[in-house]
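S.K.: Please find protein.txt (compact mmCIF, C-alpha atoms and all ligand atoms) on the next line:
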```
# COMPACT_ATOMS: atom_id res chain seq x y z
CA MET A 1 121.50 67.15 141.60
CA ILE A 2 120.65 63.48 141.48
CA GLU A 3 122.37 61.08 143.78
CA THR A 4 122.31 57.33 143.58
CA ALA A 5 123.99 54.83 145.79
CA GLN A 6 124.80 51.43 144.45
CA THR A 7 125.02 48.42 146.61
CA ALA A 8 127.65 45.82 146.03
CA ALA A 9 124.91 43.55 144.73
CA GLY A 10 124.01 46.11 142.09
CA ASN A 11 127.58 46.26 140.98
CA ARG A 12 128.46 42.62 141.02
CA ASP A 13 131.57 42.84 138.87
CA ALA A 14 133.31 44.85 141.49
CA VAL A 15 132.76 42.44 144.34
CA ARG A 16 136.15 41.50 145.67
CA GLU A 17 137.13 38.15 144.26
CA PRO A 18 138.57 35.36 146.35
CA ALA A 19 142.30 35.76 146.76
CA GLY A 20 144.46 34.26 144.10
CA ARG A 21 142.55 35.33 141.01
CA THR A 22 144.46 37.74 138.80
CA ASN A 23 142.73 40.88 137.60
CA LEU A 24 143.48 41.10 133.88
CA VAL A 25 142.54 44.80 133.76
CA GLY A 26 145.71 46.86 133.89
CA LEU A 27 148.09 44.21 132.61
CA SER A 28 150.17 45.31 129.64
CA ARG A 29 149.83 43.28 126.45
CA GLU A 30 153.06 41.46 127.29
CA GLU A 31 151.92 40.71 130.84
CA LEU A 32 148.58 39.44 129.59
CA ALA A 33 150.31 37.15 127.10
CA ALA A 34 152.63 35.86 129.83
CA CYS A 35 149.71 35.30 132.19
CA LEU A 36 147.76 33.32 129.61
CA ALA A 37 150.86 31.41 128.52
CA GLY A 38 151.02 30.24 132.12
CA PHE A 39 147.72 28.42 131.45
CA GLY A 40 149.14 26.93 128.26
CA MET A 41 147.35 29.37 125.99
CA PRO A 42 149.02 30.55 122.76
CA ALA A 43 149.75 34.23 122.06
CA PHE A 44 146.70 34.76 119.86
CA ARG A 45 144.45 34.01 122.83
CA ALA A 46 145.86 37.04 124.64
CA ARG A 47 144.98 39.16 121.65
CA GLN A 48 141.43 37.85 121.69
CA VAL A 49 141.05 38.46 125.42
CA TRP A 50 142.46 41.99 125.03
CA HIS A 51 139.89 42.67 122.34
CA TRP A 52 137.06 41.39 124.54
CA ILE A 53 138.13 43.46 127.54
CA TYR A 54 139.05 46.74 125.87
CA HIS A 55 137.12 46.78 122.61
CA ARG A 56 133.96 44.93 123.55
CA GLY A 57 133.84 45.77 127.25
CA ALA A 58 133.36 42.16 128.36
CA ARG A 59 133.26 41.65 132.11
CA ASP A 60 132.72 37.94 132.18
CA PHE A 61 134.69 35.19 130.46
CA GLU A 62 131.40 33.58 129.38
CA GLU A 63 130.88 36.54 127.03
CA MET A 64 134.14 35.76 125.25
CA THR A 65 132.55 33.52 122.67
CA THR A 66 135.56 33.32 120.36
CA LEU A 67 137.26 31.30 123.08
CA ALA A 68 136.51 27.61 123.40
CA ARG A 69 134.46 26.67 126.45
CA PRO A 70 137.31 24.96 128.32
CA ALA A 71 139.50 28.05 127.84
CA ARG A 72 136.75 30.27 129.25
CA ALA A 73 136.31 27.99 132.22
CA LEU A 74 140.05 27.89 132.90
CA LEU A 75 140.28 31.69 132.81
CA ALA A 76 137.24 32.08 135.06
CA GLU A 77 138.87 29.80 137.58
CA HIS A 78 142.07 31.82 137.80
CA CYS A 79 141.33 35.35 136.59
CA VAL A 80 138.83 38.21 136.80
CA VAL A 81 138.02 41.28 134.73
CA ALA A 82 137.37 43.62 137.65
CA ARG A 83 136.40 47.27 137.75
CA PRO A 84 136.58 49.56 140.76
CA GLU A 85 133.38 49.37 142.78
CA VAL A 86 130.97 52.26 142.28
CA VAL A 87 130.22 53.53 145.80
CA SER A 88 128.05 56.42 144.65
CA GLU A 89 127.32 58.48 141.62
CA GLN A 90 126.20 62.11 141.35
CA LEU A 91 124.84 63.96 138.37
CA SER A 92 125.16 67.74 138.19
CA THR A 93 122.49 69.97 136.70
CA ASP A 94 125.01 70.76 133.93
CA GLY A 95 125.45 67.10 132.96
CA THR A 96 128.74 66.61 134.76
CA ARG A 97 128.82 63.21 136.43
CA LYS A 98 131.00 62.22 139.36
CA TRP A 99 131.71 58.73 140.59
CA LEU A 100 133.10 57.78 143.95
CA LEU A 101 134.97 54.55 143.37
CA ARG A 102 136.48 52.00 145.71
CA THR A 103 139.53 50.38 144.20
CA PRO A 104 140.20 46.65 144.59
CA GLY A 105 143.51 47.46 146.32
CA GLY A 106 141.76 49.70 148.87
CA GLY A 107 141.12 53.42 149.01
CA GLU A 108 138.54 55.65 147.38
CA ILE A 109 138.94 57.94 144.42
CA GLU A 110 136.80 60.25 142.38
CA CYS A 111 136.39 60.37 138.66
CA VAL A 112 134.43 63.01 136.73
CA TYR A 113 132.86 63.05 133.28
CA ILE A 114 132.54 66.49 131.70
CA PRO A 115 130.29 66.45 128.62
CA GLU A 116 130.63 68.94 125.77
CA GLU A 117 128.21 69.28 122.91
CA ASP A 118 129.57 66.53 120.68
CA ARG A 119 132.24 64.95 122.86
CA GLY A 120 133.39 64.79 126.44
CA ALA A 121 136.36 64.36 128.72
CA LEU A 122 136.89 61.94 131.53
CA CYS A 123 138.89 63.47 134.38
CA MET A 124 140.78 60.59 135.98
CA SER A 125 142.63 60.27 139.27
CA SER A 126 146.19 59.00 139.60
CA GLN A 127 146.57 58.63 143.37
CA VAL A 128 144.43 58.12 146.47
CA GLY A 129 144.91 61.52 148.08
CA CYS A 130 147.80 63.79 147.14
CA ALA A 131 151.18 64.66 148.62
CA LEU A 132 151.50 68.15 147.18
CA THR A 133 149.41 70.27 149.61
CA CYS A 134 148.72 73.10 147.16
CA ALA A 135 147.26 75.85 149.31
CA PHE A 136 144.05 76.44 147.34
CA CYS A 137 143.23 72.82 146.45
CA HIS A 138 140.66 70.82 148.38
CA THR A 139 142.03 67.48 147.17
CA GLY A 140 145.39 68.51 148.56
CA THR A 141 144.02 68.57 152.10
CA GLN A 142 143.70 64.79 151.96
CA PRO A 143 147.05 63.10 152.65
CA LEU A 144 148.54 60.75 150.13
CA VAL A 145 147.31 57.24 150.83
CA ARG A 146 148.76 55.35 147.90
CA ASN A 147 149.55 55.30 144.22
CA LEU A 148 146.87 53.83 142.00
CA ASP A 149 147.96 50.87 139.92
CA ALA A 150 147.38 50.73 136.18
CA GLY A 151 144.21 48.65 136.63
CA ASP A 152 142.71 51.26 138.99
CA ILE A 153 143.41 53.99 136.43
CA VAL A 154 142.14 52.11 133.36
CA GLY A 155 139.23 50.90 135.52
CA GLN A 156 137.95 54.48 135.78
CA MET A 157 137.54 54.56 132.01
CA LEU A 158 135.84 51.16 132.01
CA VAL A 159 133.31 52.29 134.64
CA ALA A 160 132.51 55.44 132.64
CA ARG A 161 132.20 53.47 129.43
CA ASP A 162 129.82 51.05 131.14
CA ALA A 163 127.70 53.96 132.35
CA TYR A 164 127.34 55.42 128.87
CA GLY A 165 127.11 52.05 127.13
CA GLU A 166 130.03 52.98 124.93
CA TRP A 167 130.90 49.42 123.88
CA PRO A 168 132.20 48.20 121.53
CA SER A 169 134.67 51.07 121.09
CA PRO A 170 132.98 53.36 118.56
CA ALA A 171 135.06 54.60 115.61
CA GLY A 172 133.81 58.16 116.04
CA GLY A 173 131.10 60.25 117.70
CA ARG A 174 132.12 59.18 121.17
CA MET A 175 130.86 60.79 124.34
CA LEU A 176 134.02 59.64 126.13
CA SER A 177 136.36 61.06 123.51
CA ASN A 178 139.04 62.68 125.66
CA ILE A 179 140.97 62.07 128.85
CA VAL A 180 142.38 64.60 131.26
CA MET A 181 144.67 63.40 134.03
CA MET A 182 143.42 66.15 136.30
CA GLY A 183 141.68 64.26 139.09
CA MET A 184 143.06 63.41 142.51
CA GLY A 185 146.80 63.09 142.81
CA GLU A 186 149.91 64.14 140.94
CA PRO A 187 150.25 61.92 137.85
CA LEU A 188 153.98 62.53 137.44
CA LEU A 189 154.62 61.24 140.96
CA ASN A 190 153.05 57.94 139.88
CA PHE A 191 154.51 57.97 136.42
CA ASP A 192 155.04 54.25 135.79
CA ASN A 193 151.46 53.29 136.57
CA VAL A 194 150.01 56.30 134.74
CA ALA A 195 152.16 55.56 131.69
CA LYS A 196 151.15 51.91 131.69
CA ALA A 197 147.46 52.82 131.98
CA LEU A 198 147.66 55.42 129.21
CA ARG A 199 149.39 52.95 126.92
CA ILE A 200 146.47 50.59 127.48
CA VAL A 201 143.82 53.20 126.67
CA MET A 202 145.78 54.39 123.63
CA ASP A 203 146.14 50.85 122.21
CA GLN A 204 144.41 50.77 118.85
CA GLU A 205 142.98 47.31 119.35
CA GLY A 206 141.10 48.43 122.41
CA ILE A 207 139.82 51.72 123.79
CA SER A 208 141.97 53.50 121.23
CA ILE A 209 142.10 57.09 122.42
CA SER A 210 144.78 59.04 120.57
CA LYS A 211 147.56 60.80 122.49
CA ARG A 212 146.23 64.01 120.93
CA ARG A 213 143.06 63.57 122.98
CA ILE A 214 144.86 62.99 126.27
CA THR A 215 146.12 65.78 128.50
CA LEU A 216 148.26 65.20 131.55
CA SER A 217 148.31 67.97 134.12
CA THR A 218 151.18 68.43 136.52
CA ALA A 219 152.01 70.80 139.34
CA GLY A 220 155.59 70.58 138.10
CA TYR A 221 157.52 67.43 138.93
CA VAL A 222 160.14 68.39 136.35
CA PRO A 223 162.13 65.13 135.92
CA ASN A 224 159.06 63.28 134.71
CA ILE A 225 157.90 66.04 132.37
CA ARG A 226 160.76 64.88 130.16
CA ARG A 227 159.75 61.24 130.45
CA CYS A 228 156.15 62.13 129.72
CA GLY A 229 157.16 63.85 126.49
CA ALA A 230 159.58 61.14 125.37
CA GLU A 231 157.58 58.07 126.36
CA LEU A 232 153.95 59.11 125.94
CA GLY A 233 153.77 62.27 123.83
CA VAL A 234 150.43 63.30 125.32
CA ASN A 235 149.40 66.93 125.70
CA LEU A 236 150.85 68.71 128.69
CA ALA A 237 149.15 71.08 131.10
CA ILE A 238 151.05 72.91 133.82
CA SER A 239 149.38 74.12 137.00
CA LEU A 240 151.21 77.43 137.07
CA HIS A 241 149.09 79.74 139.25
CA ALA A 242 151.85 82.25 140.07
CA VAL A 243 154.49 84.23 138.23
CA THR A 244 157.05 84.60 141.00
CA ASP A 245 158.85 81.86 142.92
CA GLU A 246 157.97 83.66 146.12
CA LEU A 247 154.23 83.25 145.59
CA ARG A 248 154.42 79.89 143.83
CA ASP A 249 156.40 78.47 146.77
CA VAL A 250 153.30 79.15 148.87
CA LEU A 251 150.54 78.19 146.42
CA VAL A 252 152.24 75.16 144.82
CA PRO A 253 154.88 74.00 147.32
CA ILE A 254 156.60 71.60 144.90
CA ASN A 255 157.97 74.83 143.42
CA ARG A 256 160.50 74.89 146.26
CA LYS A 257 162.15 71.84 144.70
CA PHE A 258 161.58 72.73 141.05
CA PRO A 259 161.39 76.50 140.69
CA LEU A 260 159.89 78.36 137.76
CA ALA A 261 163.07 78.60 135.69
CA GLU A 262 163.48 74.80 135.69
CA LEU A 263 159.80 74.21 135.04
CA LEU A 264 159.73 76.57 132.07
CA ALA A 265 162.92 75.07 130.64
CA ALA A 266 161.26 71.63 130.66
CA CYS A 267 158.24 73.15 128.89
CA ARG A 268 160.44 74.67 126.21
CA GLU A 269 161.91 71.22 125.54
CA TYR A 270 158.58 69.41 125.54
CA PRO A 271 158.38 67.57 122.21
CA THR A 272 154.75 68.21 121.35
CA ALA A 273 155.03 71.91 122.03
CA ASN A 274 154.29 73.30 118.62
CA ASN A 275 151.50 75.55 117.50
CA ALA A 276 149.10 72.73 116.78
CA ARG A 277 149.53 71.20 120.23
CA ARG A 278 150.28 73.94 122.66
CA ILE A 279 151.10 73.57 126.32
CA THR A 280 148.24 74.65 128.57
CA PHE A 281 149.16 76.81 131.55
CA GLU A 282 146.46 76.61 134.18
CA TYR A 283 146.06 79.67 136.31
CA VAL A 284 143.58 79.74 139.18
CA MET A 285 142.17 83.21 139.80
CA LEU A 286 142.57 84.12 143.48
CA LYS A 287 141.22 87.45 144.63
CA GLY A 288 143.98 89.87 145.62
CA VAL A 289 146.61 87.12 145.45
CA ASN A 290 147.65 86.54 141.83
CA ASP A 291 145.08 88.42 139.73
CA SER A 292 146.52 91.91 139.11
CA PRO A 293 147.23 93.39 135.66
CA ALA A 294 150.93 93.32 136.59
CA ASP A 295 150.65 89.55 137.16
CA ALA A 296 149.04 89.19 133.73
CA ARG A 297 151.84 91.10 132.06
CA ALA A 298 154.47 89.05 133.88
CA LEU A 299 152.70 85.87 132.78
CA VAL A 300 152.83 86.93 129.14
CA LYS A 301 156.55 87.62 129.46
CA MET A 302 157.15 84.31 131.18
CA VAL A 303 155.58 82.06 128.53
CA LYS A 304 157.07 84.00 125.62
CA GLY A 305 158.63 81.59 123.14
CA ILE A 306 156.58 78.62 124.36
CA PRO A 307 153.59 77.66 122.20
CA ALA A 308 151.17 78.24 125.02
CA LYS A 309 147.55 78.62 125.92
CA VAL A 310 146.57 80.06 129.28
CA ASN A 311 143.53 78.54 130.95
CA LEU A 312 142.12 80.89 133.55
CA ILE A 313 140.26 78.93 136.22
CA PRO A 314 137.89 80.82 138.50
CA PHE A 315 138.72 79.58 142.00
CA ASN A 316 136.24 76.98 143.18
CA PRO A 317 135.65 77.54 146.87
CA TRP A 318 135.43 74.68 149.35
CA PRO A 319 134.48 74.53 153.02
CA GLY A 320 137.24 75.98 155.16
CA THR A 321 139.34 77.70 152.49
CA ALA A 322 140.73 81.17 153.14
CA TYR A 323 140.87 82.04 149.44
CA GLU A 324 138.23 83.79 147.38
CA CYS A 325 137.59 83.82 143.67
CA SER A 326 138.64 86.96 141.77
CA THR A 327 135.88 89.29 140.63
CA GLY A 328 134.49 88.89 137.13
CA ALA A 329 136.00 92.25 136.21
CA ALA A 330 139.48 91.23 137.42
CA ILE A 331 139.30 87.96 135.48
CA ALA A 332 138.14 89.76 132.32
CA ALA A 333 140.91 92.37 132.61
CA PHE A 334 143.52 89.65 133.17
CA ALA A 335 142.26 87.67 130.17
CA ARG A 336 142.30 90.76 127.96
CA ILE A 337 145.95 91.49 128.72
CA VAL A 338 147.00 87.92 127.94
CA ASN A 339 144.85 87.75 124.80
CA ASP A 340 146.05 91.10 123.52
CA ALA A 341 149.61 89.83 123.78
CA GLY A 342 148.66 87.09 121.29
CA CYS A 343 148.20 84.23 123.72
CA SER A 344 144.79 82.61 123.85
CA SER A 345 143.42 82.70 127.39
CA PRO A 346 139.94 81.25 127.74
CA VAL A 347 138.24 81.43 131.10
CA ARG A 348 137.24 77.95 132.15
CA VAL A 349 133.56 77.63 132.90
CA PRO A 350 133.33 75.76 136.20
CA ARG A 351 131.54 72.45 135.75
CA GLY A 352 129.78 70.34 138.33
CA ARG A 353 130.14 72.89 141.11
CA ASP A 354 126.90 71.71 142.73
CA ILE A 355 128.35 68.24 143.26
CA LEU A 356 131.86 69.39 144.26
CA ALA A 357 133.21 67.95 141.03
CA ALA A 358 134.98 71.09 139.84
CA CYS A 359 138.77 71.57 139.79
CA GLY A 360 140.36 71.15 143.17
CA GLN A 361 137.14 70.06 144.85
CA LEU A 362 137.64 66.34 144.56
CA LYS A 363 137.82 64.50 147.78
CA SER A 364 136.13 61.35 148.85
CA ALA A 365 132.84 61.61 150.67
CA THR A 366 134.10 59.20 153.28
CA GLU A 367 137.01 61.45 154.04
CA ARG A 368 134.68 64.45 154.30
CA LYS A 369 132.49 62.61 156.74
CA ARG A 370 135.46 61.55 158.80
CA ARG A 371 136.57 65.16 159.04
CA GLU A 372 133.12 66.30 160.06
CA THR A 373 132.83 63.78 162.83
CA ALA A 374 136.45 63.94 164.00
CA PRO A 375 138.03 67.24 162.99
CA GLU A 376 141.32 66.40 164.69
CA ALA A 377 141.75 63.47 162.31
CA ALA A 378 141.81 65.78 159.30
CA GLY A 379 144.81 65.47 156.99
N1 LIG B 1 148.32 67.43 140.49
C1 LIG B 1 148.03 67.75 139.12
C2 LIG B 1 146.69 67.22 138.68
C3 LIG B 1 145.49 67.89 139.31
S1 LIG B 1 144.79 68.93 138.11
C4 LIG B 1 148.15 69.24 138.92
O1 LIG B 1 148.29 69.95 139.91
O2 LIG B 1 148.15 69.69 137.79
C5 LIG B 1 143.67 69.90 138.98
C6 LIG B 1 143.71 71.34 138.53
O3 LIG B 1 142.77 72.11 139.27
C7 LIG B 1 145.07 71.97 138.78
O4 LIG B 1 145.39 72.92 137.83
C8 LIG B 1 144.81 72.64 140.11
O5 LIG B 1 145.78 73.58 140.39
C9 LIG B 1 143.43 73.19 139.91
N2 LIG B 1 142.74 73.50 141.16
C10 LIG B 1 142.96 72.95 142.35
N3 LIG B 1 142.14 73.47 143.28
C11 LIG B 1 141.36 74.37 142.64
C12 LIG B 1 140.29 75.20 143.07
N4 LIG B 1 139.86 75.18 144.32
N5 LIG B 1 139.71 75.99 142.16
C13 LIG B 1 140.12 75.95 140.87
N6 LIG B 1 141.11 75.17 140.41
C14 LIG B 1 141.74 74.40 141.29
```
Mind turning this structure into structure tokens?

M.R.:
Amino acid sequence: MIETAQTAAGNRDAVREPAGRTNLVGLSREELAACLAGFGMPAFRARQVWHWIYHRGARDFEEMTTLARPARALLAEHCVVARPEVVSEQLSTDGTRKWLLRTPGGGEIECVYIPEEDRGALCMSSQVGCALTCAFCHTGTQPLVRNLDAGDIVGQMLVARDAYGEWPSPAGGRMLSNIVMMGMGEPLLNFDNVAKALRIVMDQEGISISKRRITLSTAGYVPNIRRCGAELGVNLAISLHAVTDELRDVLVPINRKFPLAELLAACREYPTANNARRITFEYVMLKGVNDSPADARALVKMVKGIPAKVNLIPFNPWPGTAYECSTGAAIAAFARIVNDAGCSSPVRVPRGRDILAACGQLKSATERKRRETAPEAAG
């Protein structure tokens, strides 16, 4: 594990700007046009600036050489192109990379890059902390601090792109090819900002990541599953984890408001749910809790009729948890039952475990330290 700490001086773009300057990152195209119109700039200028920010990765108006000098100076006076500040960065022995980021609006989040052989996914956060208190999730032990705004969310992608030098946006062969909204927070409880951010990264004149390469994971805030399908059309993942309401009420407490029957009905209606783009059901393997052959059979019955894939996630332990990961034999037996019923059920290989970057382990270092020094302050 390699750890680096960056000082503010080493990450100059993120230094908080004097009040009054507008961060252009996270504005929709319309908002950007309106902002620039306020400085007397015509609509085509907004298109140029968009291209510089999201296609070329420009951080400074001086780089925007298609703009006349006076226009650059005017923008520099009133606006910034700010990223979240990189507080620290860790690299796992398996290539997974985790950033601790401080957002301009306050609060720290984590963001993880998971490389595959010829591509890779960026796991992005949607909130500082999380309100859902899922029993087995480390992130869930940190209380919700605030929703991220669209700039904070898009900013995670910009930071990762900077780190891998992936500018201008390559047509193919990208390391940062996919996005999973599986970091800190519940994306469907911050839907407007998440939707705005995803529209920015999907925009073809910028970062241009197709909705087919974006997966949004939810613990099951049902009303916005419908909006997600209708307004974004990205791939859907459901953090299922239990096959009875009784157990799911404990593991994923939002189930008390939106029980399994309602959740599964929303999945059945999800517009992209066809065989080419199946819904992923995530299922964390907890020893003696949800990992019996009877659970596997019930799971198969439950997702029948939904084009589904079951992702079995070995539980990633964290300090203080009462849960344990299922045995290899139990996971294999569970997977076999689901596979034999015709539903693909890969076992997810945990990534970045050595840097606490795996599923459910995200939590800011600051928060960890605070808990260590003042346990009573823990959320
Ligand atoms: N709130 C959203 C987004 C977070 S996704 C959601 O719940 O879907 C993070 C995924 O990791 C979820 O499927 C979550 O249930 C799972 N997870 C959480 N803690 C885990 C742990 N300790 N081990 C393995 N998976 C875990």

S.K.: Interatomic distance between atom CA of A:Leu100 and atom CA of A:Ile355?

M.R.: 11.5 Å

S.K.: Write as a PyMOL selection string the residues around ligand LIG 1 (chain B), taking 7 Å as the cut-off and counting only C-alpha atoms and all ligand atoms.

M.R.: chain A and resi 136-138+181-187+217-219+237-239+282-284+313-318+359-361

S.K.: Would you mind reading off the distance between atom CA of A:Val159 and atom CA of A:Arg83, one decimal, in Å?

M.R.: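 Separation between atom CA of A:Val159 and atom CA of A:Arg83: 6.7 Å.
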
S.K.: Do you have the atom CA of A:Arg69-atom CA of A:Glu31 distance handy?

M.R.: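 Value for the atom CA of A:Arg69-atom CA of A:Glu31 distance: 22.8 Å.
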
S.K.: My list of candidates is A:Met175, A:Ala197, A:Ala357, A:Ala33. Which is closest to A:Glu89 when distances are computed with only C-alpha atoms?

M.R.: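 Ranking A:Met175, A:Ala197, A:Ala357, A:Ala33 by distance to A:Glu89, first place goes to A:Ala357.
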
S.K.: Which of these, A:Leu188, A:Val194, A:Ile207, A:Leu24, has the shortest distance to A:Arg226 once you count only C-alpha atoms?

M.R.: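 Residue with the minimum atom-to-atom distance to A:Arg226: A:Leu188.
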
S.K.: With 12 Å as the threshold, what does the neighbourhood of (155.8, 45.1, 131.0) contain in terms of residues, counting only C-alpha atoms? Coordinates are those of the file; answer as a list in words.

M.R.: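 Those within range, by chain then number, are Gly26, Leu27, Ser28, Arg29, Glu30, Glu31, Leu32, Ala33, Ala34, Cys35, Ala150, Asp192, Asn193, Ala195, Lys196, Ala197, Arg199 and Ile200 of chain A.
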
S.K.: For A:Ser208, which residue out of A:Gly155, A:Pro271, A:Pro170, A:Pro350 is the nearest one, using only C-alpha atoms?

M.R.: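 Checking each of A:Gly155, A:Pro271, A:Pro170, A:Pro350 against A:Ser208, counting only C-alpha atoms, the winner is A:Pro170.
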
S.K.: Please list as a list in words every residue within 6 Å of stretch 120-135 of chain A, counting all atoms listed in the file and excluding residues in the same chain fewer than 3 positions away.

M.R.: Ile109, Cys111, Val112, Tyr113, Ile114, Pro115, Glu116, Gly140, Gln142, Pro143, Leu144, Val145, Arg146, Asn147, Leu148, Met175, Leu176, Ser177, Asn178, Ile179, Val180, Met181, Met182, Gly183, Met184, Gly185, Pro187, Leu251 and Val252 of chain A

S.K.: Could you check the closest approach to A:Gly288 for each of A:Phe39, A:Tyr323, A:Tyr221, A:Phe258 and tell me which residue wins, using only C-alpha atoms?

M.R.: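 Nearest candidate to A:Gly288 out of A:Phe39, A:Tyr323, A:Tyr221, A:Phe258: A:Tyr323.
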
S.K.: Pick out the closest residue to A:Phe191 from this set: A:Thr65, A:Ser88, A:Thr280, A:Asn224. Count all atoms listed in the file.

M.R.: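 Going through A:Thr65, A:Ser88, A:Thr280, A:Asn224 one by one, the smallest distance to A:Phe191 is for A:Asn224.
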
S.K.: Using only C-alpha atoms, can you tell me which of A:Ala160, A:Ile214, A:Ile53, A:Ala68 comes closest to A:Trp99?

M.R.: A:Ala160

S.K.: Can you list, as a list in words, every protein, DNA or RNA residue that comes within 9 Å of A:Leu75 when you count all atoms listed in the file, leaving out same-chain residues fewer than 4 positions away?

M.R.: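 Returned residues: Leu36, Phe39, Phe61, Pro70, Ala71, Cys79 and Val80 of chain A.
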
S.K.: Around all the atoms of stretch 281-292 of chain A listed in the file, draw an axis-aligned box and extend it by 6 Å on each of the six sides; I want its centre and edge lengths in Å to one decimal, as lines of an AutoDock Vina configuration file.

M.R.:
```
center_x = 145.2
center_y = 84.3
center_z = 138.6
size_x = 19.9
size_y = 27.3
size_z = 26.1
```

S.K.: Need to verify the contact set: A:Lys301, 10 Å, only C-alpha atoms, exclusion of same-chain residues closer than 4 positions in sequence. Can you return it as a PyMOL selection string?

M.R.: chain A and resi 243+295-297+305+338+341

S.K.: Include C-alpha atoms and write out the residues we just selected as a PDB file, keeping the file's coordinate frame.

M.R.:
```pdb
ATOM      1  CA  VAL A 243     154.490  84.230 138.230  1.00  0.00           C
ATOM      2  CA  ASP A 295     150.650  89.550 137.160  1.00  0.00           C
ATOM      3  CA  ALA A 296     149.040  89.190 133.730  1.00  0.00           C
ATOM      4  CA  ARG A 297     151.840  91.100 132.060  1.00  0.00           C
ATOM      5  CA  GLY A 305     158.630  81.590 123.140  1.00  0.00           C
ATOM      6  CA  VAL A 338     147.000  87.920 127.940  1.00  0.00           C
ATOM      7  CA  ALA A 341     149.610  89.830 123.780  1.00  0.00           C
TER       8      ALA A 341
END
```

S.K.: Which residues are close to stretch 48-51 of chain A, i.e. within 9 Å by all atoms listed in the file, leaving aside same-chain residues fewer than 2 positions away? Reply as a PyMOL selection string.

M.R.: chain A and resi 24+29+32+44-46+53-58+61+64+66-67+205-206

S.K.: Print the selection's residues with C-alpha atoms to a file, as an mmCIF file, in the frame of the given file.

M.R.:
```cif
data_model
loop_
_atom_site.group_PDB
_atom_site.id
_atom_site.type_symbol
_atom_site.label_atom_id
_atom_site.label_comp_id
_atom_site.auth_asym_id
_atom_site.auth_seq_id
_atom_site.Cartn_x
_atom_site.Cartn_y
_atom_site.Cartn_z
ATOM 1 C CA LEU A 24 143.480 41.100 133.880
ATOM 2 C CA ARG A 29 149.830 43.280 126.450
ATOM 3 C CA LEU A 32 148.580 39.440 129.590
ATOM 4 C CA PHE A 44 146.700 34.760 119.860
ATOM 5 C CA ARG A 45 144.450 34.010 122.830
ATOM 6 C CA ALA A 46 145.860 37.040 124.640
ATOM 7 C CA ILE A 53 138.130 43.460 127.540
ATOM 8 C CA TYR A 54 139.050 46.740 125.870
ATOM 9 C CA HIS A 55 137.120 46.780 122.610
ATOM 10 C CA ARG A 56 133.960 44.930 123.550
ATOM 11 C CA GLY A 57 133.840 45.770 127.250
ATOM 12 C CA ALA A 58 133.360 42.160 128.360
ATOM 13 C CA PHE A 61 134.690 35.190 130.460
ATOM 14 C CA MET A 64 134.140 35.760 125.250
ATOM 15 C CA THR A 66 135.560 33.320 120.360
ATOM 16 C CA LEU A 67 137.260 31.300 123.080
ATOM 17 C CA GLU A 205 142.980 47.310 119.350
ATOM 18 C CA GLY A 206 141.100 48.430 122.410
#
```
